[in-house]
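Coordinates from upload32.txt are shown below (compact mmCIF, C-alpha atoms).
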# COMPACT_ATOMS: atom_id res chain seq x y z
CA MET A 1 -128.31 -27.81 255.16
CA SER A 2 -127.46 -28.68 258.76
CA TYR A 3 -126.29 -31.99 260.20
CA GLN A 4 -126.57 -33.30 263.71
CA PHE A 5 -125.09 -36.20 265.62
CA ILE A 6 -127.71 -38.83 266.58
CA THR A 7 -126.05 -41.79 268.33
CA SER A 8 -122.99 -44.03 268.48
CA ALA A 9 -121.99 -47.57 269.46
CA LYS A 10 -119.19 -50.11 269.16
CA LEU A 11 -118.90 -51.96 265.85
CA PRO A 12 -116.70 -55.08 265.69
CA THR A 13 -115.61 -55.91 262.13
CA ARG A 14 -113.23 -58.37 260.47
CA HIS A 15 -110.71 -55.52 260.39
CA GLY A 16 -111.08 -54.72 264.09
CA GLU A 17 -113.38 -52.71 266.34
CA PHE A 18 -114.64 -49.27 265.31
CA ASP A 19 -116.92 -46.74 266.95
CA ILE A 20 -119.86 -46.10 264.63
CA HIS A 21 -121.46 -42.64 264.73
CA ILE A 22 -124.72 -41.72 262.99
CA PHE A 23 -125.46 -38.22 261.68
CA GLU A 24 -128.67 -36.97 260.11
CA ASN A 25 -129.45 -33.96 257.94
CA ASP A 26 -132.59 -31.83 257.77
CA GLU A 27 -134.18 -34.21 255.27
CA GLY A 28 -133.65 -37.29 257.43
CA GLN A 29 -130.76 -38.64 255.34
CA GLU A 30 -128.29 -40.60 257.46
CA HIS A 31 -124.50 -40.55 257.15
CA VAL A 32 -122.05 -42.79 259.00
CA MET A 33 -118.62 -42.26 260.53
CA LEU A 34 -116.43 -45.14 261.69
CA THR A 35 -113.62 -44.10 264.02
CA VAL A 36 -110.59 -45.56 265.75
CA GLY A 37 -108.67 -43.61 268.39
CA LEU A 38 -110.94 -40.55 268.12
CA SER A 39 -113.30 -39.44 270.88
CA ALA A 40 -116.23 -37.04 270.67
CA VAL A 41 -115.38 -33.57 271.96
CA ASP A 42 -117.52 -31.34 274.17
CA GLN A 43 -119.64 -29.25 271.81
CA ASN A 44 -121.03 -26.93 274.53
CA THR A 45 -119.27 -23.61 273.93
CA ASP A 46 -121.73 -21.50 275.93
CA ASP A 47 -120.85 -22.81 279.39
CA VAL A 48 -117.91 -20.48 279.99
CA ALA A 49 -119.84 -17.41 278.88
CA LEU A 50 -122.75 -18.27 281.19
CA SER A 51 -120.77 -19.32 284.25
CA HIS A 52 -120.51 -15.88 285.88
CA HIS A 53 -124.31 -15.55 285.87
CA LEU A 54 -124.84 -18.79 287.82
CA PRO A 55 -124.90 -19.65 291.54
CA ASN A 56 -121.57 -20.66 293.05
CA SER A 57 -122.41 -24.37 293.05
CA LEU A 58 -123.23 -24.40 289.35
CA SER A 59 -120.32 -22.12 288.50
CA SER A 60 -118.00 -24.51 290.35
CA SER A 61 -119.44 -27.39 288.37
CA LEU A 62 -118.71 -25.54 285.14
CA SER A 63 -115.16 -24.88 286.33
CA HIS A 64 -114.70 -28.64 286.57
CA LYS A 65 -116.05 -28.88 283.03
CA ASP A 66 -113.54 -26.26 281.95
CA ALA A 67 -110.69 -28.27 283.48
CA ALA A 68 -111.91 -31.41 281.73
CA SER A 69 -112.16 -29.47 278.49
CA ASN A 70 -108.57 -28.25 278.87
CA GLN A 71 -107.42 -31.83 279.43
CA ASN A 72 -109.34 -32.87 276.33
CA ASP A 73 -107.65 -30.10 274.31
CA GLU A 74 -104.24 -31.33 275.47
CA ALA A 75 -105.13 -34.87 274.44
CA LEU A 76 -106.22 -33.65 271.00
CA ALA A 77 -102.93 -31.81 270.57
CA LYS A 78 -100.89 -34.92 271.41
CA ARG A 79 -102.68 -37.45 269.22
CA PRO A 80 -101.33 -38.24 265.73
CA ILE A 81 -102.83 -36.70 262.59
CA PRO A 82 -105.70 -39.08 261.81
CA LEU A 83 -105.95 -41.10 258.61
CA ILE A 84 -109.28 -40.21 256.97
CA ARG A 85 -111.21 -41.77 254.10
CA ILE A 86 -114.27 -40.01 252.62
CA HIS A 87 -116.19 -42.84 250.97
CA SER A 88 -119.48 -42.44 249.13
CA GLU A 89 -121.92 -45.31 249.33
CA CYS A 90 -121.62 -47.97 246.61
CA LEU A 91 -124.04 -50.85 247.12
CA THR A 92 -122.77 -52.81 244.14
CA GLY A 93 -119.12 -52.51 245.11
CA ASP A 94 -119.26 -52.36 248.91
CA ALA A 95 -121.91 -55.06 249.47
CA PHE A 96 -122.00 -57.14 246.25
CA SER A 97 -118.25 -57.08 245.43
CA SER A 98 -118.81 -55.73 241.92
CA LEU A 99 -115.78 -55.79 239.63
CA LYS A 100 -117.06 -52.79 237.63
CA CYS A 101 -115.51 -50.38 240.15
CA ASP A 102 -112.85 -50.32 242.87
CA CYS A 103 -115.11 -49.13 245.70
CA GLY A 104 -115.28 -52.33 247.75
CA PRO A 105 -111.50 -52.85 247.82
CA GLN A 106 -110.99 -49.16 248.58
CA LEU A 107 -113.34 -49.30 251.57
CA ASN A 108 -111.85 -52.48 253.01
CA THR A 109 -108.25 -51.37 252.46
CA ALA A 110 -108.95 -48.02 254.14
CA MET A 111 -110.63 -49.73 257.10
CA GLN A 112 -107.63 -52.02 257.53
CA ALA A 113 -105.14 -49.16 257.20
CA ILE A 114 -106.97 -47.08 259.82
CA GLN A 115 -106.99 -50.01 262.22
CA GLU A 116 -103.25 -50.50 261.71
CA THR A 117 -102.59 -46.78 262.19
CA GLY A 118 -104.75 -46.67 265.31
CA CYS A 119 -106.15 -43.19 264.66
CA GLY A 120 -108.56 -42.35 261.89
CA ALA A 121 -112.05 -42.43 260.43
CA ILE A 122 -114.18 -43.54 257.51
CA LEU A 123 -116.79 -40.94 256.54
CA TYR A 124 -119.38 -43.11 254.77
CA LEU A 125 -121.64 -40.75 252.85
CA ARG A 126 -125.04 -41.85 251.62
CA GLN A 127 -124.78 -40.63 248.02
CA GLU A 128 -124.97 -43.70 245.84
CA GLY A 129 -123.63 -43.63 242.30
CA ARG A 130 -121.61 -40.40 242.73
CA GLY A 131 -124.84 -38.79 243.91
CA ILE A 132 -127.26 -39.88 241.16
CA GLY A 133 -128.90 -42.71 243.12
CA LEU A 134 -129.01 -46.47 242.67
CA THR A 135 -131.60 -46.64 239.89
CA ASN A 136 -129.82 -44.10 237.70
CA LYS A 137 -126.52 -45.79 238.45
CA ILE A 138 -127.84 -49.07 237.04
CA ARG A 139 -129.25 -47.21 234.03
CA ALA A 140 -125.74 -45.82 233.51
CA TYR A 141 -124.35 -49.35 233.84
CA ALA A 142 -126.65 -50.45 231.00
CA LEU A 143 -125.19 -47.74 228.79
CA GLN A 144 -121.68 -48.79 229.81
CA ASP A 145 -122.58 -52.33 228.71
CA GLN A 146 -123.16 -50.80 225.26
CA GLY A 147 -119.63 -49.38 225.20
CA HIS A 148 -120.02 -45.90 226.72
CA ASP A 149 -117.66 -44.82 229.49
CA THR A 150 -118.81 -43.93 233.01
CA LEU A 151 -118.84 -40.18 232.37
CA ASP A 152 -120.66 -40.27 229.02
CA ALA A 153 -123.24 -42.69 230.43
CA ASN A 154 -124.23 -40.16 233.09
CA LEU A 155 -124.35 -37.30 230.58
CA MET A 156 -126.48 -39.33 228.16
CA LEU A 157 -129.04 -39.71 230.96
CA GLY A 158 -129.06 -35.95 231.50
CA LEU A 159 -127.21 -36.33 234.80
CA PRO A 160 -124.06 -34.64 236.09
CA ALA A 161 -120.76 -36.50 235.89
CA ASP A 162 -120.44 -36.19 239.66
CA ALA A 163 -123.30 -34.93 241.86
CA ARG A 164 -121.65 -35.60 245.22
CA ILE A 165 -121.42 -32.97 247.92
CA TYR A 166 -119.18 -32.95 250.98
CA ASP A 167 -120.77 -30.37 253.27
CA MET A 168 -121.47 -33.06 255.87
CA CYS A 169 -117.75 -33.76 256.33
CA GLY A 170 -117.01 -30.66 258.41
CA PRO A 171 -119.62 -31.37 261.12
CA MET A 172 -118.67 -35.05 261.22
CA LEU A 173 -114.97 -34.31 261.70
CA ALA A 174 -115.74 -31.53 264.21
CA HIS A 175 -117.63 -34.06 266.32
CA VAL A 176 -114.33 -35.82 267.06
CA GLY A 177 -112.20 -32.67 267.12
CA VAL A 178 -110.41 -33.23 263.82
CA GLN A 179 -108.93 -30.14 262.18
CA ALA A 180 -106.04 -31.73 260.26
CA VAL A 181 -106.02 -34.98 258.31
CA ARG A 182 -104.03 -37.43 256.26
CA LEU A 183 -106.59 -37.97 253.50
CA ILE A 184 -106.86 -41.30 251.68
CA THR A 185 -107.98 -40.31 248.18
CA ASN A 186 -107.13 -40.07 244.50
CA ASN A 187 -109.70 -37.29 244.03
CA PRO A 188 -108.34 -33.71 244.22
CA ASP A 189 -111.90 -32.37 244.69
CA LYS A 190 -111.99 -33.89 248.18
CA VAL A 191 -108.67 -32.29 249.10
CA ALA A 192 -109.87 -28.92 247.79
CA TYR A 193 -113.20 -29.09 249.62
CA LEU A 194 -111.67 -29.89 253.01
CA THR A 195 -108.99 -27.23 252.56
CA GLU A 196 -111.57 -24.59 251.59
CA HIS A 197 -113.58 -25.41 254.71
CA GLY A 198 -110.80 -25.10 257.23
CA ILE A 199 -109.56 -28.70 257.40
CA ASP A 200 -105.79 -28.90 256.95
CA VAL A 201 -104.88 -31.77 254.59
CA ILE A 202 -101.38 -32.60 255.80
CA GLU A 203 -100.93 -35.45 253.32
CA ARG A 204 -102.80 -37.04 250.44
CA VAL A 205 -102.46 -40.82 250.67
CA PRO A 206 -103.02 -42.53 247.26
CA LEU A 207 -105.34 -45.53 247.17
CA VAL A 208 -105.05 -47.80 244.14
CA VAL A 209 -106.49 -51.25 244.86
CA GLY A 210 -108.91 -53.66 243.25
CA VAL A 211 -107.75 -53.02 239.68
CA ASN A 212 -108.96 -55.73 237.28
CA ASP A 213 -109.82 -56.26 233.63
CA MET A 214 -113.44 -55.23 234.27
CA ASN A 215 -112.69 -51.82 235.77
CA ALA A 216 -109.40 -50.74 234.16
CA GLU A 217 -111.24 -48.59 231.60
CA TYR A 218 -113.44 -47.11 234.34
CA LEU A 219 -110.32 -46.08 236.27
CA ALA A 220 -108.71 -44.70 233.12
CA THR A 221 -111.81 -42.53 232.54
CA LYS A 222 -111.60 -41.17 236.09
CA ARG A 223 -107.93 -40.40 235.51
CA ASP A 224 -108.14 -38.96 232.00
CA ARG A 225 -111.53 -37.22 232.03
CA MET A 226 -112.33 -36.56 235.69
CA GLY A 227 -108.94 -35.48 237.03
CA HIS A 228 -108.31 -38.28 239.49
CA LEU A 229 -104.67 -38.61 240.46
CA LEU A 230 -103.75 -42.03 239.09
CA ASP A 231 -100.53 -43.09 237.41
CA LYS A 232 -100.58 -43.80 233.68
CA ASP A 233 -99.68 -47.38 234.51
CA PHE A 234 -101.91 -48.67 237.33
CA ASN A 235 -99.41 -51.45 238.03
CA THR A 236 -96.77 -48.93 239.10
CA ALA A 237 -99.11 -46.71 241.14
CA ILE A 238 -98.53 -46.29 244.85
CA HIS A 239 -100.62 -48.81 246.77
CA LEU A 240 -101.85 -48.13 250.28
CA ASN A 241 -101.64 -51.83 251.13
CA LYS A 242 -98.25 -52.52 249.57
Take the structure in the file and write it out as structure tokens.
Amino acid sequence: MSYQFITSAKLPTRHGEFDIHIFENDEGQEHVMLTVGLSAVDQNTDDVALSHHLPNSLSSSLSHKDAASNQNDEALAKRPIPLIRIHSECLTGDAFSSLKCDCGPQLNTAMQAIQETGCGAILYLRQEGRGIGLTNKIRAYALQDQGHDTLDANLMLGLPADARIYDMCGPMLAHVGVQAVRLITNNPDKVAYLTEHGIDVIERVPLVVGVNDMNAEYLATKRDRMGHLLDKDFNTAIHLNK
């Protein structure tokens, strides 16, 4: 599946101002990237190859483009390694402040950290409920209300434990010239995916926030059954917003 950039604008938030970029896949599904200190790079790689076939005036114009591109490359080389958070949509946590998960606090803490760092991005992926959709997520919640954990609830519905994909991340990061990241995550699958697709994960930054009595078991399931990198004692885990 291919992804293309659609449009961007300024987005003021309570954490500070971001640039918001919209991407769309072949099926019309939209994904969002919020950035600070990252500019879109020139995606036109054919100009240099074509320049010697063009009239002098156009060739000269492309030479100016080449110079601008070289300046842009120098700027990319000098900027710090950006702080990146890959965050899958969670309506209940992000918008309704649900205590059943830690998604809302994770999103807000990452946004604040990126603002404070001055260089980074939130890749907000439209794959609700770890990819199973909102309706199935609420069905899984109903099973959790009966005492089943988050993984078993999905399996009882005939759904995968985690149906998320990350193939949109490469094109989104390429749009702003990112090839190396400091990745905010507890999930080793995200580190592995980026690494396998040519993105250098310089550092994994743990993110343990929003722990409460309602989601402690949920977090323990992610740690014990889904391989998330969380300390045995959440109270002693490394906090991004310490």
Residues near Arg225 (chain A), cut-off 12 Å, all atoms listed in the file, skip fewer than 2 positions along chain, as an NGL selection string
:A and (149-152 or 161-162 or 217-223 or 227-230)
What is the CA of Leu143 (chain A)-CA of Cys101 (chain A) distance in Å, reported with one decimal?
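These atoms are spaced 15.2 Å apart.
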Pick out the closest residue to Val178 (chain A) from this set: A:Ala95, A:Cys103, A:Ala113, A:Ala40. Count all atoms listed in the file.
A:Ala40
Pick from A:Lys100, A:Arg85, A:Lys78, A:Arg14 nearest to Asp145 (chain A), counting all atoms listed in the file
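Ranked by minimum distance to Asp145 (chain A), first place goes to A:Lys100.
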Using all atoms listed in the file and a cutoff of 10 Å, can you tell me which residues are near (-112.6, -31.7, 245.4) in the file's coordinates, and write them out as a PyMOL selection string?
chain A and resi 164-166+187-196+227-228
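Candidate residues A:Ser97, A:Asn215, A:Thr92, A:Asn186 were compared for distance to Lys137 (chain A), and the nearest is A:Thr92, using only C-alpha atoms.
Using all atoms listed in the file, the protein and nucleic acid residues lying no more than 7 Å from Val41 (chain A), apart from those fewer than 5 places from it along its own chain, are His175, Val176 and Gly177 of chain A.
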Prev. selection, C-alpha atoms, output as a PDB file, in the frame of the given file:
ATOM      1  CA  HIS A 175    -117.630 -34.060 266.320  1.00  0.00           C
ATOM      2  CA  VAL A 176    -114.330 -35.820 267.060  1.00  0.00           C
ATOM      3  CA  GLY A 177    -112.200 -32.670 267.120  1.00  0.00           C
TER       4      GLY A 177
END
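For the pair CA of Met156 (chain A) and CA of Pro105 (chain A), the interatomic distance is 28.2 Å.
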Can you work out which one of A:Val36, A:Leu99, A:Met172, A:Leu125 has the shortest atom-to-atom distance to Met111 (chain A), counting all atoms listed in the file?
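Going through A:Val36, A:Leu99, A:Met172, A:Leu125 one by one, the smallest distance to Met111 (chain A) is for A:Val36.
Comparing the minimum interatomic distances between Leu123 (chain A) and each of A:Thr135, A:Thr35, A:Gln179, A:Gln106, counting only C-alpha atoms, we find that A:Thr35 sits nearest.
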Taking all listed atoms of region 81-89 of chain A, build the axis-aligned box, pad each of the six sides by 3 Å, then write its centre and edge lengths in Å to one decimal as JSON.
{"center_x": -112.4, "center_y": -41.0, "center_z": 255.9, "size_x": 25.1, "size_y": 14.6, "size_z": 19.5}
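CA of Phe23 (chain A) is positioned 5.4 Å from CA of Ile6 (chain A).
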Considering only C-alpha atoms, can you say which of A:Leu107, A:Leu173, A:Met226, A:Ala180 comes closest to Leu207 (chain A)?
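So, comparing all the options, the nearest one is A:Leu107.
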